[in-house]
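Remarks on the structure that follows.
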Amino acid sequence: MPVPWFLLSFALGPSPVVLSLERLVGPQDAAHCSPGLSCHLWGGDMLCLPGNIVSAPGPVLVPTRLQTELVLRCYQETDCDLCVRVAVHLAVRGHWEEPEDEEQFGRAADPDLEEPKNASLQAQVVLSFQAYPTARCVLLEVQVPAALVQPGQSVGSVVFDCFEAAVGAEVRIWSYTQPRYEKELNFTQQLPDCRGLEVQDSIQSCWALPSLSVSADGEDVHLVLDVSEGQRFGLSLYWNQVQGPTKPWWHRNLTGPQTITLNHTDLVPCLCIQVWPLEPDSVRTSICPFTNDSHAHRNLWRVARLQLLPPRGWRLNAPCSLPAEATLCWQAPGGGPCQSLVPPLPRENVTVNKALEFPLLKGHPNLCVQVSSGEKLQMQECLWSDSLGPLKDDKLLVETRGPQDNRSLCALEPSGCAPLLSTASTRAARLGEQLLQDLQSGQCLQLWDDDLGALWACPMDKYIHQRWALVWLACLLFAAVLFILLLLKKDHVKGAARGRAALLLYSADDAGFERLVGTLASALCQLPLRVVVDLWSRRELSAQGSLAWFHAQRLQTLQEGGMVVLLFSPGAVALCHEWLQDGTSAPGAHRPHDAFSASLSCVLPDFLQGRAPGRYIGAYFDSLLCPDAVPTLFRAVPVLALPSQLPDFLRTLQGPGATRPGWLRDRVEQVSRALQPALDSCLRPPGTQETGFEMGPEAGDRT
């Protein structure tokens, strides 16, 4: 609960600030005026008939300002009534008129016939007073000496004592002259109640008045009435509206003492509390404690509602008056600010709870009402959305009419009103000619029309359908192109799914080395790599011949971006030296399934002509061959020892960017564990019993 409401209980407690009033003795009314003036109060009240305003024949006295003061009219020491003293300030208006014949022929010949320009002025001033349930009207006669008559200057004031009124009443005072030369002055004042006056011992009706205070407790507000036990009193909560009479909200006859609880959301600035003893002719005390409370003002905007009154009327419903201005705006679908429509409804003050009329021909769901207070937008509602459906994707055209029947059209855009036939990159500019044709053919709805211009709402549905048709066509075309590309890349995708190709070339030195090569090939297949080795292709090798088979596999591997792996062993090194020395290999020196000797006829030209880097890689088992044993020609490509340089070997086979973090470490460990038993078998002396996992040529032969 806000702190100001808690402090309110202290401000409205049993000891508020009070006013000490002057006492007038006796029931007689009186009048007195400023020094230099003479005044007289006509006896008895008169009938108030202001009449029409007439032209002043010359300088006249007119009321310029009303001023009031509260006094006590006392009949006895403890028998007084509240009374309103009224001071009327007067001034001189108008000038003496010069006769036309005097301007043409000089001043009049007879000075006795000339009216004096410095004569005194006399006026009859009427004071009208209303305070429920009484109404009075008195007449004051005032005379101003000639020395004080200066046109346009104030001459002083006349004071009337006094109009009696009830404590806490609202009084209204009017003043004018008879005859009336100007609009009458008026003044409204809310008199304080017994709590705000030092009259508890003077006005008898205040003696038994209940005491009222307001306090807060969490989300609740308490009205505490401090009255004696068993005393009966009336309590009323009402909305004190400026426009129209007060509006009762809650009324009860209670027996004291009492505490009334209200929710803080019910509090609004005009909520007033009235309390009085249940006795004949008792004085009622009213307070409006939430007038300046910021939380009450926020509550007021929360409960305010805009209401559509068919066919084109509307009303702002609220319990209190609001300093509000309203204007029409156009709300486009999809969000964004609502754009003001100045021509049909300029910003104007709103009277709460009063029916207003839209200057429109037709309603539209996109037309909304904005209500602002000061510079802050307080509420916005699209009143026609309930009856005419949700927001439409219509374009609002603004027609401006000038002299000689000149017309111009623009479309309302978020950036402003854009001309239809322009080069702007807006939807309205692109469809300018089509919108003009729709307007001329009667497809647009006219919302407003007068001499200055008109507003038209043009449907955009058909253009949106055309746009979506183009979008769908583009999507279908894109899908067809994508499908064709997928078909063209089918073989490549299949190859990528199997992994990069690796062609292993080796010399079959003995059965143990063949088992070692088979183990390496099987381990590489798990990377995954598509491994090609003659050990697994004996049937094709026998059918095609070693040289033809190697040419075909080498060509396919290189076309797919794979690598040719040269596994050097003592036998492979010896064959390389033979080729390098004699250019040929001794016939029948190797088995017909040995592709290594047949492949050297193609491998050596690649190295001699510099085509090997990026296509070949060398490897040897560091426990079977010394690094220096590899011929120098083959060092043009990386020659790696296995398993000591296994990470670099696997990284080269996979290619750049093919490995993920942590992937290489796991694969190195996997391949190393697979190679170790086969490598140990190759290092075992001949005739030693073999144990463990065995993998030979027959195990890997796919024939």
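Following the order of the structure tokens, chains are lettered A, B, ..., residues in each are numbered from 1, and ligands are numbered from 1.
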
Show me, as a list in words, the residues that have an atom within 7 Å of A:Val565 when counting only C-alpha atoms, minus same-chain residues fewer than 6 positions from it.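 So, after excluding close chain neighbours, the residues are Ala502, Leu503, Leu504, Leu505, Tyr616, Ile617 and Gly618 of chain A.
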
DSSP on the backbone, strand (DSSP E or B) only: what residues of stretch 592-683 of chain A does that give? Format it as a PyMOL selection string. chain A and resi 616-621+639-642

Would you put the residues from that selection into a file with N, CA, C and O atoms, as a PDB file, in the first residue's frame?
```pdb
ATOM      1  N   TYR A 616      50.427 -39.684 -52.792  1.00  0.00           N
ATOM      2  CA  TYR A 616      51.080 -40.857 -52.224  1.00  0.00           C
ATOM      3  C   TYR A 616      51.519 -40.546 -50.804  1.00  0.00           C
ATOM      4  O   TYR A 616      51.755 -39.389 -50.437  1.00  0.00           O
ATOM      5  N   ILE A 617      51.637 -41.577 -50.015  1.00  0.00           N
ATOM      6  CA  ILE A 617      52.210 -41.508 -48.679  1.00  0.00           C
ATOM      7  C   ILE A 617      52.964 -42.805 -48.435  1.00  0.00           C
ATOM      8  O   ILE A 617      52.519 -43.892 -48.849  1.00  0.00           O
ATOM      9  N   GLY A 618      54.142 -42.700 -47.790  1.00  0.00           N
ATOM     10  CA  GLY A 618      54.940 -43.883 -47.475  1.00  0.00           C
ATOM     11  C   GLY A 618      54.827 -44.251 -46.020  1.00  0.00           C
ATOM     12  O   GLY A 618      54.589 -43.390 -45.172  1.00  0.00           O
ATOM     13  N   ALA A 619      54.997 -45.543 -45.719  1.00  0.00           N
ATOM     14  CA  ALA A 619      54.937 -46.018 -44.334  1.00  0.00           C
ATOM     15  C   ALA A 619      55.795 -47.266 -44.205  1.00  0.00           C
ATOM     16  O   ALA A 619      56.009 -48.001 -45.186  1.00  0.00           O
ATOM     17  N   TYR A 620      56.316 -47.491 -43.008  1.00  0.00           N
ATOM     18  CA  TYR A 620      57.075 -48.709 -42.728  1.00  0.00           C
ATOM     19  C   TYR A 620      56.902 -49.011 -41.257  1.00  0.00           C
ATOM     20  O   TYR A 620      56.542 -48.141 -40.459  1.00  0.00           O
ATOM     21  N   PHE A 621      57.105 -50.234 -40.888  1.00  0.00           N
ATOM     22  CA  PHE A 621      57.019 -50.656 -39.493  1.00  0.00           C
ATOM     23  C   PHE A 621      58.400 -50.493 -38.888  1.00  0.00           C
ATOM     24  O   PHE A 621      59.366 -51.146 -39.327  1.00  0.00           O
ATOM     25  N   VAL A 639      57.076 -40.135 -45.330  1.00  0.00           N
ATOM     26  CA  VAL A 639      57.316 -41.547 -45.039  1.00  0.00           C
ATOM     27  C   VAL A 639      57.289 -41.685 -43.533  1.00  0.00           C
ATOM     28  O   VAL A 639      58.174 -41.179 -42.840  1.00  0.00           O
ATOM     29  N   LEU A 640      56.276 -42.365 -43.012  1.00  0.00           N
ATOM     30  CA  LEU A 640      56.006 -42.384 -41.577  1.00  0.00           C
ATOM     31  C   LEU A 640      56.220 -43.766 -41.004  1.00  0.00           C
ATOM     32  O   LEU A 640      55.931 -44.786 -41.656  1.00  0.00           O
ATOM     33  N   ALA A 641      56.749 -43.800 -39.770  1.00  0.00           N
ATOM     34  CA  ALA A 641      57.005 -45.059 -39.069  1.00  0.00           C
ATOM     35  C   ALA A 641      55.770 -45.462 -38.293  1.00  0.00           C
ATOM     36  O   ALA A 641      55.104 -44.632 -37.674  1.00  0.00           O
ATOM     37  N   LEU A 642      55.463 -46.770 -38.356  1.00  0.00           N
ATOM     38  CA  LEU A 642      54.323 -47.317 -37.626  1.00  0.00           C
ATOM     39  C   LEU A 642      54.815 -48.291 -36.570  1.00  0.00           C
ATOM     40  O   LEU A 642      55.733 -49.079 -36.837  1.00  0.00           O
TER      41      LEU A 642
END
```

I want to know what sits within 8 Å of stretch 388-394 of chain A, based on only C-alpha atoms, with residues of the same chain fewer than 4 positions away left out; could you give that as a PyMOL selection string? chain A and resi 331-333+364-366+384+457-461

Residues within 9 Å of A:Ser38, please, as a list in words. Count only C-alpha atoms; anything in the same chain fewer than 3 positions from it doesn't count. His32, Cys33, Ser34, Pro35, Glu141, Val142, Gln143, Val144, Pro145 and Val158 of chain A

Take the residues just selected and output them with N, CA and C atoms as a compact mmCIF listing (two decimals), in the first residue's frame.
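Dumped everything to part-v7.txt:
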```
# COMPACT_ATOMS: atom_id res chain seq x y z
N HIS A 32 -20.65 47.68 2.20
CA HIS A 32 -19.69 48.77 2.32
C HIS A 32 -18.72 48.68 1.15
N CYS A 33 -18.06 49.78 0.84
CA CYS A 33 -17.24 49.83 -0.37
C CYS A 33 -15.91 50.50 -0.08
N SER A 34 -15.07 50.50 -1.13
CA SER A 34 -13.72 51.05 -1.01
C SER A 34 -13.79 52.55 -0.76
N PRO A 35 -12.71 53.10 -0.20
CA PRO A 35 -12.69 54.56 0.03
C PRO A 35 -12.88 55.32 -1.27
N GLU A 141 -26.22 49.29 -5.11
CA GLU A 141 -26.08 50.49 -5.95
C GLU A 141 -24.75 51.15 -5.59
N VAL A 142 -23.93 51.41 -6.61
CA VAL A 142 -22.58 51.94 -6.40
C VAL A 142 -22.45 53.22 -7.21
N GLN A 143 -21.81 54.23 -6.62
CA GLN A 143 -21.55 55.48 -7.33
C GLN A 143 -20.07 55.80 -7.21
N VAL A 144 -19.47 56.15 -8.38
CA VAL A 144 -18.05 56.47 -8.45
C VAL A 144 -17.91 57.94 -8.79
N PRO A 145 -17.15 58.72 -8.02
CA PRO A 145 -16.98 60.14 -8.32
C PRO A 145 -16.22 60.35 -9.62
N VAL A 158 -17.00 46.70 -3.92
CA VAL A 158 -18.12 46.79 -3.02
C VAL A 158 -18.27 45.44 -2.34
```

In terms of the shortest atom-to-atom distance over only C-alpha atoms, which of A:Leu41, A:Leu653, A:Leu328, A:Cys682 is closest to A:Val369? A:Leu328

Excluding same-chain residues fewer than 6 positions from A:Ala326, what lies within 7 Å of it counting only C-alpha atoms, as a list of chain:residue names? A:Arg347, A:Glu348, A:Asn349, A:Val350, A:Val369, A:Gln370, A:Val371, A:Ser372

Fewer than 4 positions away in the same chain doesn't count, so skip those; otherwise give me all residues within 9 Å of A:Gly230, counting only C-alpha atoms, as a list in words. Thr255, Gly256 and Pro257 of chain A

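Each of A:Ala146, A:Met563, A:Val303, A:Leu139 was compared to A:Leu121 using only C-alpha atoms, and A:Ala146 turns out to be the nearest.
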
Applying 12 Å and only C-alpha atoms, which residues near A:Val62 remain after dropping the ones on its own chain fewer than 6 positions away? List them as a VMD selection string. chain A and resid 56 88 to 94 121 to 126 142 144 151 to 158 175 to 185

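In this comparison, which uses only C-alpha atoms, the residue of A:Ser597, A:Ser415, A:Gln231, A:Asn353 approaching A:Gln339 most closely is A:Ser415.
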